[in-house]
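Raw entry34.tsv, TSV, C-alpha atoms:
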chain	number	residue	atom	x	y	z
A	1	MET	CA	20.45	14.09	-16.83
A	2	ASP	CA	21.04	17.09	-14.66
A	3	TYR	CA	19.56	15.87	-11.34
A	4	LEU	CA	20.88	16.75	-7.93
A	5	ASP	CA	24.11	14.96	-7.12
A	6	ILE	CA	22.45	13.22	-4.19
A	7	LEU	CA	19.97	11.54	-6.55
A	8	LYS	CA	22.83	10.06	-8.54
A	9	LYS	CA	24.44	8.75	-5.37
A	10	GLU	CA	21.14	7.18	-4.35
A	11	LEU	CA	20.95	5.33	-7.68
A	12	GLU	CA	24.57	4.17	-7.40
A	13	ASN	CA	23.78	2.54	-4.05
A	14	THR	CA	20.76	0.72	-5.48
A	15	SER	CA	21.00	-3.05	-5.88
A	16	GLY	CA	21.56	-3.96	-9.52
A	17	TYR	CA	23.12	-0.64	-10.52
A	18	LYS	CA	25.80	-0.81	-13.21
A	19	GLU	CA	27.89	2.10	-14.40
A	20	PRO	CA	26.82	2.76	-18.02
A	21	PRO	CA	29.54	2.28	-20.64
A	22	MET	CA	31.03	5.38	-22.22
A	23	VAL	CA	29.65	5.96	-25.70
A	24	ILE	CA	31.10	8.62	-27.99
A	25	GLU	CA	28.59	10.11	-30.40
A	26	GLU	CA	28.88	12.89	-32.95
A	27	LYS	CA	26.03	15.38	-32.87
A	28	LYS	CA	25.24	18.30	-35.09
A	29	LEU	CA	24.56	21.47	-33.11
A	30	LEU	CA	22.82	24.52	-34.51
A	31	LYS	CA	24.20	27.78	-33.14
A	32	SER	CA	23.36	31.42	-33.62
A	33	HIS	CA	26.21	33.67	-34.77
A	34	THR	CA	24.58	36.71	-33.15
A	35	ASP	CA	23.41	35.03	-29.92
A	36	PRO	CA	25.63	31.99	-29.20
A	37	ASP	CA	24.06	31.34	-25.76
A	38	CYS	CA	20.67	30.34	-27.15
A	39	CYS	CA	19.93	26.74	-28.17
A	40	TYR	CA	17.84	25.01	-30.78
A	41	VAL	CA	14.62	23.21	-29.86
A	42	LYS	CA	12.38	21.07	-32.07
A	43	GLN	CA	8.97	20.26	-30.62
A	44	PRO	CA	5.50	19.84	-32.13
A	45	ARG	CA	4.40	23.29	-30.96
A	46	LYS	CA	7.68	25.19	-31.11
A	47	LYS	CA	10.80	25.04	-33.21
A	48	GLY	CA	13.86	27.25	-33.49
A	49	LEU	CA	16.59	28.95	-31.47
A	50	GLY	CA	15.63	30.38	-28.12
A	51	TYR	CA	15.68	30.18	-24.33
A	52	LEU	CA	13.85	28.38	-21.53
A	53	CYS	CA	12.78	30.44	-18.54
A	54	GLU	CA	12.23	28.67	-15.22
A	55	MET	CA	10.17	30.77	-12.80
A	56	THR	CA	8.62	30.27	-9.36
A	57	VAL	CA	6.09	32.51	-7.64
A	58	ASP	CA	4.84	32.91	-4.09
A	59	THR	CA	1.13	32.74	-4.98
A	60	SER	CA	0.00	34.01	-1.57
A	61	ASN	CA	1.68	37.36	-2.21
A	62	GLY	CA	2.08	37.38	-5.99
A	63	ILE	CA	5.88	37.72	-5.75
A	64	ILE	CA	8.33	36.13	-8.16
A	65	THR	CA	10.89	34.37	-5.97
A	66	GLY	CA	13.25	32.99	-8.60
A	67	VAL	CA	14.06	33.17	-12.31
A	68	ASP	CA	16.61	31.09	-14.19
A	69	CYS	CA	17.30	31.18	-17.91
A	70	PHE	CA	18.63	28.23	-19.92
A	71	GLY	CA	19.03	27.24	-23.53
A	72	ALA	CA	15.76	26.11	-25.10
A	73	ASN	CA	16.99	22.52	-25.55
A	74	ARG	CA	16.86	21.83	-21.80
A	75	ARG	CA	13.99	19.99	-20.12
A	76	GLU	CA	12.20	21.74	-17.27
A	77	SER	CA	12.15	18.54	-15.24
A	78	ASP	CA	15.98	18.40	-15.37
A	79	ILE	CA	16.53	21.87	-13.89
A	80	ILE	CA	13.71	22.46	-11.41
A	81	LEU	CA	15.52	20.90	-8.42
A	82	LYS	CA	18.64	23.07	-8.67
A	83	HIS	CA	16.39	26.06	-9.37
A	84	LEU	CA	14.66	25.45	-6.03
A	85	GLN	CA	17.79	24.51	-4.13
A	86	LYS	CA	19.42	27.80	-5.10
A	87	GLN	CA	16.49	29.71	-3.60
A	88	GLN	CA	16.74	27.69	-0.40
A	89	GLU	CA	20.47	28.34	-0.05
A	90	ILE	CA	20.77	31.93	-1.27
A	91	LEU	CA	17.41	33.40	-0.25
A	92	GLU	CA	16.94	30.97	2.66
A	93	LEU	CA	13.34	30.38	1.60
A	94	ASP	CA	11.47	27.84	3.68
A	95	ILE	CA	9.45	26.26	0.86
A	96	LYS	CA	6.76	23.94	2.21
A	97	HIS	CA	4.62	23.20	-0.86
A	98	LEU	CA	5.24	23.36	-4.59
A	99	THR	CA	2.60	23.30	-7.34
A	100	LEU	CA	3.75	21.98	-10.73
A	101	ASP	CA	2.26	21.12	-14.11
A	102	SER	CA	2.52	17.68	-15.70
A	103	GLY	CA	5.81	18.52	-17.41
A	104	TYR	CA	7.49	17.83	-14.06
A	105	ASP	CA	5.84	14.44	-13.47
A	106	VAL	CA	9.15	12.59	-13.36
A	107	GLY	CA	10.15	10.17	-10.63
A	108	ALA	CA	13.47	11.89	-9.92
A	109	VAL	CA	11.71	15.26	-9.53
A	110	HIS	CA	9.28	13.82	-6.98
A	111	ARG	CA	12.13	12.17	-5.08
A	112	GLY	CA	14.22	15.33	-5.26
A	113	LEU	CA	11.40	17.38	-3.74
A	114	GLU	CA	11.23	14.94	-0.84
A	115	LEU	CA	14.98	15.29	-0.30
A	116	LEU	CA	14.52	19.07	-0.29
A	117	ASP	CA	11.72	18.60	2.28
A	118	ILE	CA	9.09	20.04	-0.10
A	119	ILE	CA	5.60	18.59	-0.58
A	120	GLY	CA	4.88	18.61	-4.32
A	121	CYS	CA	1.47	18.90	-5.95
A	122	CYS	CA	2.18	17.88	-9.53
A	123	SER	CA	-0.35	17.11	-12.26
A	124	SER	CA	-0.02	13.47	-13.32
A	125	ILE	CA	0.71	12.28	-16.83
A	126	LYS	CA	-1.66	9.58	-18.05
A	127	PHE	CA	0.76	6.96	-19.30
A	128	HIS	CA	-0.70	4.59	-21.89
A	129	ASN	CA	0.94	1.56	-20.24
A	130	ASN	CA	0.04	2.48	-16.68
A	131	ALA	CA	0.24	-0.69	-14.58
A	132	LEU	CA	-2.61	0.50	-12.36
A	133	LYS	CA	-4.97	0.41	-15.36
A	134	LYS	CA	-4.25	-3.28	-15.76
A	135	GLY	CA	-5.42	-4.10	-12.27
A	136	PHE	CA	-2.07	-3.85	-10.49
A	137	GLU	CA	-1.57	-2.12	-7.16
A	138	TYR	CA	1.70	-0.70	-5.89
A	139	ASP	CA	2.92	-1.85	-2.47
A	140	SER	CA	5.11	1.00	-1.24
A	141	ALA	CA	6.34	-0.97	1.80
A	142	LYS	CA	7.77	-3.75	-0.39
A	143	ASP	CA	8.41	-1.58	-3.48
A	144	CYS	CA	6.61	-4.01	-5.75
A	145	PHE	CA	3.48	-4.30	-7.89
A	146	VAL	CA	0.75	-6.75	-6.92
A	147	CYS	CA	-1.54	-8.20	-9.60
A	148	ARG	CA	-5.25	-8.91	-9.14
A	149	MET	CA	-4.38	-12.51	-8.28
A	150	GLY	CA	-2.15	-11.41	-5.41
A	151	LYS	CA	1.15	-12.23	-7.14
A	152	GLU	CA	4.05	-9.82	-6.59
A	153	LEU	CA	6.15	-8.32	-9.37
A	154	ALA	CA	9.38	-7.54	-7.56
A	155	PHE	CA	12.24	-5.36	-8.72
A	156	ASN	CA	14.47	-7.26	-11.13
A	157	LYS	CA	17.05	-4.89	-12.57
A	158	LEU	CA	17.79	-1.24	-13.22
A	159	ILE	CA	17.95	0.09	-16.77
A	160	PHE	CA	20.12	3.12	-16.09
A	161	LYS	CA	20.00	4.82	-19.49
A	162	LYS	CA	16.19	4.91	-19.40
A	163	GLY	CA	16.03	5.80	-15.71
A	164	THR	CA	13.60	2.96	-15.03
A	165	PHE	CA	13.28	-0.08	-12.84
A	166	HIS	CA	12.39	-3.40	-14.40
A	167	TYR	CA	9.64	-5.27	-12.49
A	168	TYR	CA	9.34	-8.87	-13.54
A	169	ARG	CA	7.60	-12.17	-12.87
A	170	GLN	CA	7.69	-15.58	-14.55
A	171	GLU	CA	5.33	-18.55	-14.57
A	172	CYS	CA	2.13	-16.66	-15.40
A	173	ILE	CA	1.27	-18.63	-18.52
A	174	ASP	CA	-1.61	-20.49	-16.84
A	175	CYS	CA	-3.12	-17.45	-15.11
A	176	GLU	CA	-6.71	-16.67	-16.06
A	177	ASN	CA	-5.95	-12.93	-16.07
A	178	LEU	CA	-2.91	-13.19	-18.34
A	179	LYS	CA	-4.61	-11.32	-21.20
A	180	HIS	CA	-5.03	-8.21	-19.00
A	181	CYS	CA	-1.29	-7.87	-18.35
A	182	ALA	CA	1.76	-6.90	-20.37
A	183	VAL	CA	2.79	-10.27	-21.76
A	184	ASP	CA	6.10	-11.59	-23.11
A	185	TYR	CA	5.88	-15.36	-23.64
A	186	GLY	CA	4.04	-15.97	-20.41
A	187	ARG	CA	6.13	-13.54	-18.40
A	188	ILE	CA	4.86	-10.30	-16.92
A	189	ARG	CA	7.14	-7.30	-17.27
A	190	MET	CA	6.67	-3.59	-16.69
A	191	ASN	CA	8.90	-0.57	-16.49
A	192	ALA	CA	8.53	2.07	-13.81
A	193	SER	CA	10.48	5.11	-12.67
A	194	SER	CA	13.57	4.44	-10.60
A	195	HIS	CA	11.85	6.62	-7.98
A	196	TYR	CA	8.37	5.20	-8.42
A	197	GLY	CA	7.66	5.33	-4.70
A	198	ALA	CA	7.89	9.13	-4.68
A	199	MET	CA	5.82	9.33	-7.88
A	200	HIS	CA	3.19	7.07	-6.31
A	201	ARG	CA	2.93	9.31	-3.24
A	202	ASN	CA	2.30	12.33	-5.50
A	203	ARG	CA	-0.42	10.44	-7.39
A	204	LYS	CA	-2.18	9.68	-4.10
A	205	ARG	CA	-2.19	13.40	-3.26
A	206	CYS	CA	-3.93	14.14	-6.58
A	207	PHE	CA	-7.21	12.85	-5.11
A	208	THR	CA	-7.18	15.10	-2.03
A	209	ASP	CA	-9.03	18.38	-1.54
A	210	GLU	CA	-5.76	20.05	-0.55
A	211	TYR	CA	-4.28	19.14	-3.94
A	212	LYS	CA	-7.24	20.67	-5.80
A	213	HIS	CA	-7.02	23.82	-3.69
A	214	ARG	CA	-3.30	24.26	-4.26
A	215	LYS	CA	-3.61	23.61	-8.00
A	216	TYR	CA	-6.32	26.27	-8.24
A	217	CYS	CA	-4.25	28.80	-6.26
A	218	GLY	CA	-1.18	27.92	-8.30
A	219	GLN	CA	-3.03	28.76	-11.51
A	220	PHE	CA	-4.87	31.89	-10.42
A	221	GLY	CA	-3.00	33.08	-7.33
A	222	ALA	CA	-4.57	34.70	-4.30
A	223	LYS	CA	-5.30	38.03	-6.00
A	224	GLY	CA	-5.93	37.11	-9.64
A	225	PRO	CA	-4.48	35.18	-12.58
A	226	LEU	CA	-0.75	34.52	-12.82
A	227	ARG	CA	-0.70	32.86	-16.21
A	228	PHE	CA	3.07	32.97	-16.73
A	229	LEU	CA	3.79	30.49	-13.95
A	230	ASN	CA	6.05	27.52	-14.52
A	231	ALA	CA	5.77	26.55	-10.86
A	232	SER	CA	4.33	28.10	-7.74
A	233	ILE	CA	5.40	27.85	-4.12
A	234	ASN	CA	4.09	28.75	-0.68
Could the structure of this file be written out as structure tokens, please?
Amino acid sequence: MDYLDILKKELENTSGYKEPPMVIEEKKLLKSHTDPDCCYVKQPRKKGLGYLCEMTVDTSNGIITGVDCFGANRRESDIILKHLQKQQEILELDIKHLTLDSGYDVGAVHRGLELLDIIGCCSSIKFHNNALKKGFEYDSAKDCFVCRMGKELAFNKLIFKKGTFHYYRQECIDCENLKHCAVDYGRIRMNASSHYGAMHRNRKRCFTDEYKHRKYCGQFGAKGPLRFLNASIN
């Protein structure tokens, strides 16, 4: 995962972190003989060799501030932070707010924006196993989930390869609300982003009028539609 180096250091200093073992795998790569820089992508709506264009726009003035081109097999959420950091360092842009679509709703992206001192307004993905749907609340001060009975699901371990924390609690077999929770032999377990705190702060912004205003401006701009946007800044 191509996050900022500082994000990796932050994970390494987290309690429970273990360096993942080295695994050697053989992969078959499809390359173009006429355009070797392009990469192959296979998705439900697009398939074939091509490129991924990452673009940001100052919606107040309708000016493209940055364009980066990558092979089509990259994920936008993996490259957005370095795309922004380059603009801060080379163009010395003072980016205050960033509007993003749901493709960037990744914990590390939200945390990276905070480290870059940028307030993100990102559309949220509706996860099917969202803990909040099951009656849990997230306590940002303690970094834990609290069930409807007031019991805390504290951080248990870090699953590095999946980029998730493992929140865990035992001794729930006699709870009257057990059927509403994710159950594994009387134990409650849920996975969350390793930067869930930053993701949670973005989700809280989704209910504000400022968020709705910035999302509208990010889609249509100040002077008309800008439909090609990947992300917008101001």
Could you jot down the atom CA of A:Lys31 to atom CA of A:Gly48 separation for me, Å, one decimal place?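 Atom-to-atom, atom CA of A:Lys31 and atom CA of A:Gly48 are spaced 10.4 Å apart.
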Write out as a PDB file with C-alpha atoms, in the frame of the given file which residues come within 12 Å of stretch 110-113 of chain A when counting all atoms listed in the file, dropping same-chain ones fewer than 6 positions away.
ATOM      1  CA  ASP A   2      21.040  17.090 -14.660  1.00  0.00           C
ATOM      2  CA  TYR A   3      19.560  15.870 -11.340  1.00  0.00           C
ATOM      3  CA  LEU A   4      20.880  16.750  -7.930  1.00  0.00           C
ATOM      4  CA  ASP A   5      24.110  14.960  -7.120  1.00  0.00           C
ATOM      5  CA  ILE A   6      22.450  13.220  -4.190  1.00  0.00           C
ATOM      6  CA  LEU A   7      19.970  11.540  -6.550  1.00  0.00           C
ATOM      7  CA  LYS A   8      22.830  10.060  -8.540  1.00  0.00           C
ATOM      8  CA  GLU A  10      21.140   7.180  -4.350  1.00  0.00           C
ATOM      9  CA  LEU A  11      20.950   5.330  -7.680  1.00  0.00           C
ATOM     10  CA  SER A  77      12.150  18.540 -15.240  1.00  0.00           C
ATOM     11  CA  ASP A  78      15.980  18.400 -15.370  1.00  0.00           C
ATOM     12  CA  ILE A  79      16.530  21.870 -13.890  1.00  0.00           C
ATOM     13  CA  ILE A  80      13.710  22.460 -11.410  1.00  0.00           C
ATOM     14  CA  LEU A  81      15.520  20.900  -8.420  1.00  0.00           C
ATOM     15  CA  LYS A  82      18.640  23.070  -8.670  1.00  0.00           C
ATOM     16  CA  HIS A  83      16.390  26.060  -9.370  1.00  0.00           C
ATOM     17  CA  LEU A  84      14.660  25.450  -6.030  1.00  0.00           C
ATOM     18  CA  GLN A  85      17.790  24.510  -4.130  1.00  0.00           C
ATOM     19  CA  ILE A  95       9.450  26.260   0.860  1.00  0.00           C
ATOM     20  CA  LYS A  96       6.760  23.940   2.210  1.00  0.00           C
ATOM     21  CA  HIS A  97       4.620  23.200  -0.860  1.00  0.00           C
ATOM     22  CA  LEU A  98       5.240  23.360  -4.590  1.00  0.00           C
ATOM     23  CA  THR A  99       2.600  23.300  -7.340  1.00  0.00           C
ATOM     24  CA  LEU A 100       3.750  21.980 -10.730  1.00  0.00           C
ATOM     25  CA  SER A 102       2.520  17.680 -15.700  1.00  0.00           C
ATOM     26  CA  GLY A 103       5.810  18.520 -17.410  1.00  0.00           C
ATOM     27  CA  TYR A 104       7.490  17.830 -14.060  1.00  0.00           C
ATOM     28  CA  ILE A 119       5.600  18.590  -0.580  1.00  0.00           C
ATOM     29  CA  GLY A 120       4.880  18.610  -4.320  1.00  0.00           C
ATOM     30  CA  CYS A 121       1.470  18.900  -5.950  1.00  0.00           C
ATOM     31  CA  CYS A 122       2.180  17.880  -9.530  1.00  0.00           C
ATOM     32  CA  SER A 123      -0.350  17.110 -12.260  1.00  0.00           C
ATOM     33  CA  SER A 124      -0.020  13.470 -13.320  1.00  0.00           C
ATOM     34  CA  SER A 193      10.480   5.110 -12.670  1.00  0.00           C
ATOM     35  CA  SER A 194      13.570   4.440 -10.600  1.00  0.00           C
ATOM     36  CA  HIS A 195      11.850   6.620  -7.980  1.00  0.00           C
ATOM     37  CA  TYR A 196       8.370   5.200  -8.420  1.00  0.00           C
ATOM     38  CA  GLY A 197       7.660   5.330  -4.700  1.00  0.00           C
ATOM     39  CA  ALA A 198       7.890   9.130  -4.680  1.00  0.00           C
ATOM     40  CA  MET A 199       5.820   9.330  -7.880  1.00  0.00           C
ATOM     41  CA  HIS A 200       3.190   7.070  -6.310  1.00  0.00           C
ATOM     42  CA  ARG A 201       2.930   9.310  -3.240  1.00  0.00           C
ATOM     43  CA  ASN A 202       2.300  12.330  -5.500  1.00  0.00           C
ATOM     44  CA  ARG A 203      -0.420  10.440  -7.390  1.00  0.00           C
TER      45      ARG A 203
END
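Coordinates place atom CA of A:Arg74 at a distance of 7.2 Å from atom CA of A:Leu52.
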Report, in Å to a single decimal, how far apart atom CA of A:Lys179 and atom CA of A:Lys151 are.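 Atom-to-atom, atom CA of A:Lys151 to atom CA of A:Lys179, that is 15.2 Å.
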